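Text of run08.cif, listed as mmCIF, C-alpha atoms, pLDDT in the B column; chains and numbers go by the auth columns:
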```cif
data_run
#
loop_
_atom_site.group_PDB
_atom_site.id
_atom_site.type_symbol
_atom_site.label_atom_id
_atom_site.label_comp_id
_atom_site.label_asym_id
_atom_site.label_seq_id
_atom_site.Cartn_x
_atom_site.Cartn_y
_atom_site.Cartn_z
_atom_site.B_iso_or_equiv
_atom_site.auth_seq_id
_atom_site.auth_asym_id
ATOM 1 C CA MET A 1 -46.127 -8.766 -29.976 52.00 950 A
ATOM 2 C CA SER A 2 -44.223 -6.229 -27.915 53.00 951 A
ATOM 3 C CA VAL A 3 -41.570 -3.964 -29.420 55.00 952 A
ATOM 4 C CA MET A 4 -39.005 -2.401 -27.139 48.00 953 A
ATOM 5 C CA THR A 5 -36.856 0.459 -28.364 55.00 954 A
ATOM 6 C CA MET A 6 -33.218 1.000 -27.436 53.00 955 A
ATOM 7 C CA ARG A 7 -34.169 4.032 -25.337 57.00 956 A
ATOM 8 C CA ALA A 8 -36.696 2.009 -23.345 56.00 957 A
ATOM 9 C CA SER A 9 -34.200 -0.799 -22.662 56.00 958 A
ATOM 10 C CA LEU A 10 -31.583 1.735 -21.477 54.00 959 A
ATOM 11 C CA ALA A 11 -34.085 3.424 -19.184 56.00 960 A
ATOM 12 C CA LYS A 12 -35.032 0.048 -17.719 55.00 961 A
ATOM 13 C CA ALA A 13 -31.353 -0.873 -17.130 54.00 962 A
ATOM 14 C CA GLN A 14 -30.616 2.472 -15.470 54.00 963 A
ATOM 15 C CA THR A 15 -33.361 2.060 -12.891 53.00 964 A
ATOM 16 C CA HIS A 16 -31.578 -1.011 -11.480 56.00 965 A
ATOM 17 C CA ALA A 17 -28.150 0.671 -11.251 57.00 966 A
ATOM 18 C CA LEU A 18 -27.075 2.419 -8.076 55.00 967 A
ATOM 19 C CA PRO A 19 -26.864 6.204 -8.208 61.00 968 A
ATOM 20 C CA PRO A 20 -23.281 7.467 -8.623 61.00 969 A
ATOM 21 C CA THR A 21 -23.130 8.663 -5.015 66.00 970 A
ATOM 22 C CA GLU A 22 -24.056 5.241 -3.627 66.00 971 A
ATOM 23 C CA GLN A 23 -21.589 3.133 -5.602 66.00 972 A
ATOM 24 C CA PRO A 24 -18.894 1.620 -3.391 67.00 973 A
ATOM 25 C CA GLN A 25 -15.477 3.172 -3.862 68.00 974 A
ATOM 26 C CA PRO A 26 -12.568 0.733 -4.129 67.00 975 A
ATOM 27 C CA ARG A 27 -10.258 1.021 -1.121 75.00 976 A
ATOM 28 C CA VAL A 28 -6.559 0.941 -1.695 80.00 977 A
ATOM 29 C CA ARG A 29 -4.836 -1.547 0.592 86.00 978 A
ATOM 30 C CA ILE A 30 -1.066 -1.436 0.907 86.00 979 A
ATOM 31 C CA SER A 31 0.600 -4.210 2.849 91.00 980 A
ATOM 32 C CA TRP A 32 3.887 -3.005 4.346 91.00 981 A
ATOM 33 C CA LEU A 33 6.871 -4.494 6.121 93.00 982 A
ATOM 34 C CA GLU A 34 9.381 -2.503 8.153 93.00 983 A
ATOM 35 C CA LEU A 35 13.086 -2.997 7.302 93.00 984 A
ATOM 36 C CA THR A 36 15.133 -2.614 10.494 94.00 985 A
ATOM 37 C CA CYS A 37 18.924 -2.656 10.804 95.00 986 A
ATOM 38 C CA LEU A 38 20.268 -5.448 13.019 94.00 987 A
ATOM 39 C CA PRO A 39 23.397 -3.658 14.426 95.00 988 A
ATOM 40 C CA CYS A 40 22.134 -0.086 14.887 93.00 989 A
ATOM 41 C CA GLY A 41 18.385 -0.742 15.278 90.00 990 A
ATOM 42 C CA GLU A 42 17.461 2.037 12.845 90.00 991 A
ATOM 43 C CA VAL A 43 14.317 1.706 10.697 92.00 992 A
ATOM 44 C CA ALA A 44 15.866 2.036 7.250 94.00 993 A
ATOM 45 C CA GLY A 45 12.686 1.845 5.199 93.00 994 A
ATOM 46 C CA TYR A 46 9.587 -0.067 4.239 92.00 995 A
ATOM 47 C CA LEU A 47 8.743 -2.761 1.730 91.00 996 A
ATOM 48 C CA GLU A 48 5.348 -2.053 0.146 90.00 997 A
ATOM 49 C CA ASP A 49 3.231 -4.779 -1.446 89.00 998 A
ATOM 50 C CA GLN A 50 6.243 -7.143 -1.435 85.00 999 A
ATOM 51 C CA ARG A 51 7.885 -5.290 -4.322 87.00 1000 A
ATOM 52 C CA ILE A 52 8.498 -1.572 -3.678 86.00 1001 A
ATOM 53 C CA VAL A 53 11.322 -0.535 -1.317 88.00 1002 A
ATOM 54 C CA ARG A 54 10.958 2.950 0.181 90.00 1003 A
ATOM 55 C CA PRO A 55 13.772 4.287 2.369 92.00 1004 A
ATOM 56 C CA VAL A 56 12.856 6.480 5.347 91.00 1005 A
ATOM 57 C CA PHE A 57 15.576 8.978 4.415 91.00 1006 A
ATOM 58 C CA PRO A 58 17.597 9.378 1.174 92.00 1007 A
ATOM 59 C CA GLY A 59 20.307 6.728 1.082 91.00 1008 A
ATOM 60 C CA GLY A 60 18.700 4.822 3.966 92.00 1009 A
ATOM 61 C CA ILE A 61 18.831 1.534 2.056 93.00 1010 A
ATOM 62 C CA ARG A 62 21.726 0.367 -0.105 92.00 1011 A
ATOM 63 C CA LEU A 63 21.869 -2.767 -2.226 89.00 1012 A
ATOM 64 C CA GLU A 64 24.994 -4.902 -2.049 91.00 1013 A
ATOM 65 C CA GLY A 65 24.537 -7.642 -4.581 90.00 1014 A
ATOM 66 C CA ASN A 66 20.853 -8.450 -4.192 86.00 1015 A
ATOM 67 C CA ARG A 67 20.760 -7.834 -0.448 88.00 1016 A
ATOM 68 C CA PRO A 68 19.441 -4.661 1.179 89.00 1017 A
ATOM 69 C CA ARG A 69 21.818 -3.017 3.667 94.00 1018 A
ATOM 70 C CA CYS A 70 21.499 -0.137 6.113 95.00 1019 A
ATOM 71 C CA GLY A 71 22.632 3.177 4.612 93.00 1020 A
ATOM 72 C CA ARG A 72 24.189 4.284 7.929 93.00 1021 A
ATOM 73 C CA CYS A 73 26.246 1.298 9.068 94.00 1022 A
ATOM 74 C CA SER A 74 25.982 -1.219 6.163 93.00 1023 A
ATOM 75 C CA GLY A 75 24.337 -3.664 8.581 95.00 1024 A
ATOM 76 C CA LEU A 76 21.936 -6.411 7.617 94.00 1025 A
ATOM 77 C CA LEU A 77 18.278 -5.380 7.359 94.00 1026 A
ATOM 78 C CA LEU A 78 15.700 -7.618 8.991 93.00 1027 A
ATOM 79 C CA ALA A 79 11.918 -7.733 8.821 92.00 1028 A
ATOM 80 C CA GLY A 80 10.309 -5.724 11.602 90.00 1029 A
ATOM 81 C CA ASN A 81 6.686 -4.745 12.141 90.00 1030 A
ATOM 82 C CA ARG A 82 4.136 -5.284 9.423 89.00 1031 A
ATOM 83 C CA GLY A 83 0.655 -4.073 8.701 90.00 1032 A
ATOM 84 C CA VAL A 84 -1.880 -2.909 6.145 89.00 1033 A
ATOM 85 C CA ALA A 85 -2.560 0.734 5.297 85.00 1034 A
ATOM 86 C CA THR A 86 -5.140 2.469 3.132 84.00 1035 A
ATOM 87 C CA SER A 87 -2.752 5.240 2.047 81.00 1036 A
ATOM 88 C CA ARG A 88 0.978 5.863 1.897 78.00 1037 A
ATOM 89 C CA ASP A 89 0.666 8.149 4.955 80.00 1038 A
ATOM 90 C CA GLY A 90 -0.638 5.216 6.999 81.00 1039 A
ATOM 91 C CA ILE A 91 2.483 3.103 6.464 80.00 1040 A
ATOM 92 C CA GLY A 92 4.410 2.573 9.677 79.00 1041 A
ATOM 93 C CA TRP A 93 1.462 3.246 11.991 70.00 1042 A
ATOM 94 C CA ILE A 94 0.487 0.494 14.387 66.00 1043 A
ATOM 95 C CA GLY A 95 -2.582 1.277 16.441 56.00 1044 A
ATOM 96 C CA ALA A 96 -2.396 4.952 17.382 51.00 1045 A
ATOM 97 C CA GLU A 97 1.385 5.400 17.341 55.00 1046 A
ATOM 98 C CA ARG A 98 4.008 5.703 14.640 58.00 1047 A
ATOM 99 C CA ARG A 99 6.832 3.157 14.604 53.00 1048 A
#
```
Have the structure of the file written as structure tokens, please.
Amino acid sequence: MSVMTMRASLAKAQTHALPPTEQPQPRVRISWLELTCLPCGEVAGYLEDQRIVRPVFPGGIRLEGNRPRCGRCSGLLLAGNRGVATSRDGIGWIGAERR
């Protein structure tokens, strides 16, 4: 008959776990969509993860009813470029250039 203590079972479980430095870190992935004004061609802002609207400049996007409008000319906003970023700073970058 073998008796295993709690300390022995913990030590055995810890040998199979990865060291803290080798554990994979979760990567944040933000899908983004550019909101571009149809009449003036200005990039008014970005839609992040299909739910957060971030204007490029204060007042860049206005809501009339439930529709987003350009803050400069009140024009209709259309979907522009899209991509996936790993940080908020990476939003709007396609390849090596900023849109």
request  = For the structure shown, which residues end up in the PyMOL selection byres ((chain A and resi 985) around 9)? Put them as a PyMOL selection string, please?
outcome  = chain A and resi 983-984+986-987+989-995+1019+1025-1030
ask   = Leaving out A:Ala1034 and any residue of its chain fewer than 2 positions from it, which residues lie within 9 Å of it when counting only C-alpha atoms, given as JSON, numbers by chain?
value = {"A": [977, 978, 979, 980, 981, 1032, 1036, 1037, 1038, 1039, 1040, 1041, 1042]}
query = Any idea what the distance is between atom CA of A:Gly1008 and atom CA of A:Thr1035?
reply =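 Atom-to-atom, atom CA of A:Gly1008 to atom CA of A:Thr1035, that is 25.9 Å.
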ask   = Quick one, how far is atom CA of A:Glu997 from atom CA of A:Leu982?
value =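 Between atom CA of A:Glu997 and atom CA of A:Leu982 the gap is 6.6 Å.
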key: Contacts of A:Ser1023 within 10 Å, all atoms listed in the file, excl. fewer than 6 positions in-chain, as a VMD selection string   = chain A and resid 986 to 989 1009 to 1013 1017
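When atom CA of A:Gly1020 is paired with atom CA of A:Leu996, their separation reads 15.4 Å.
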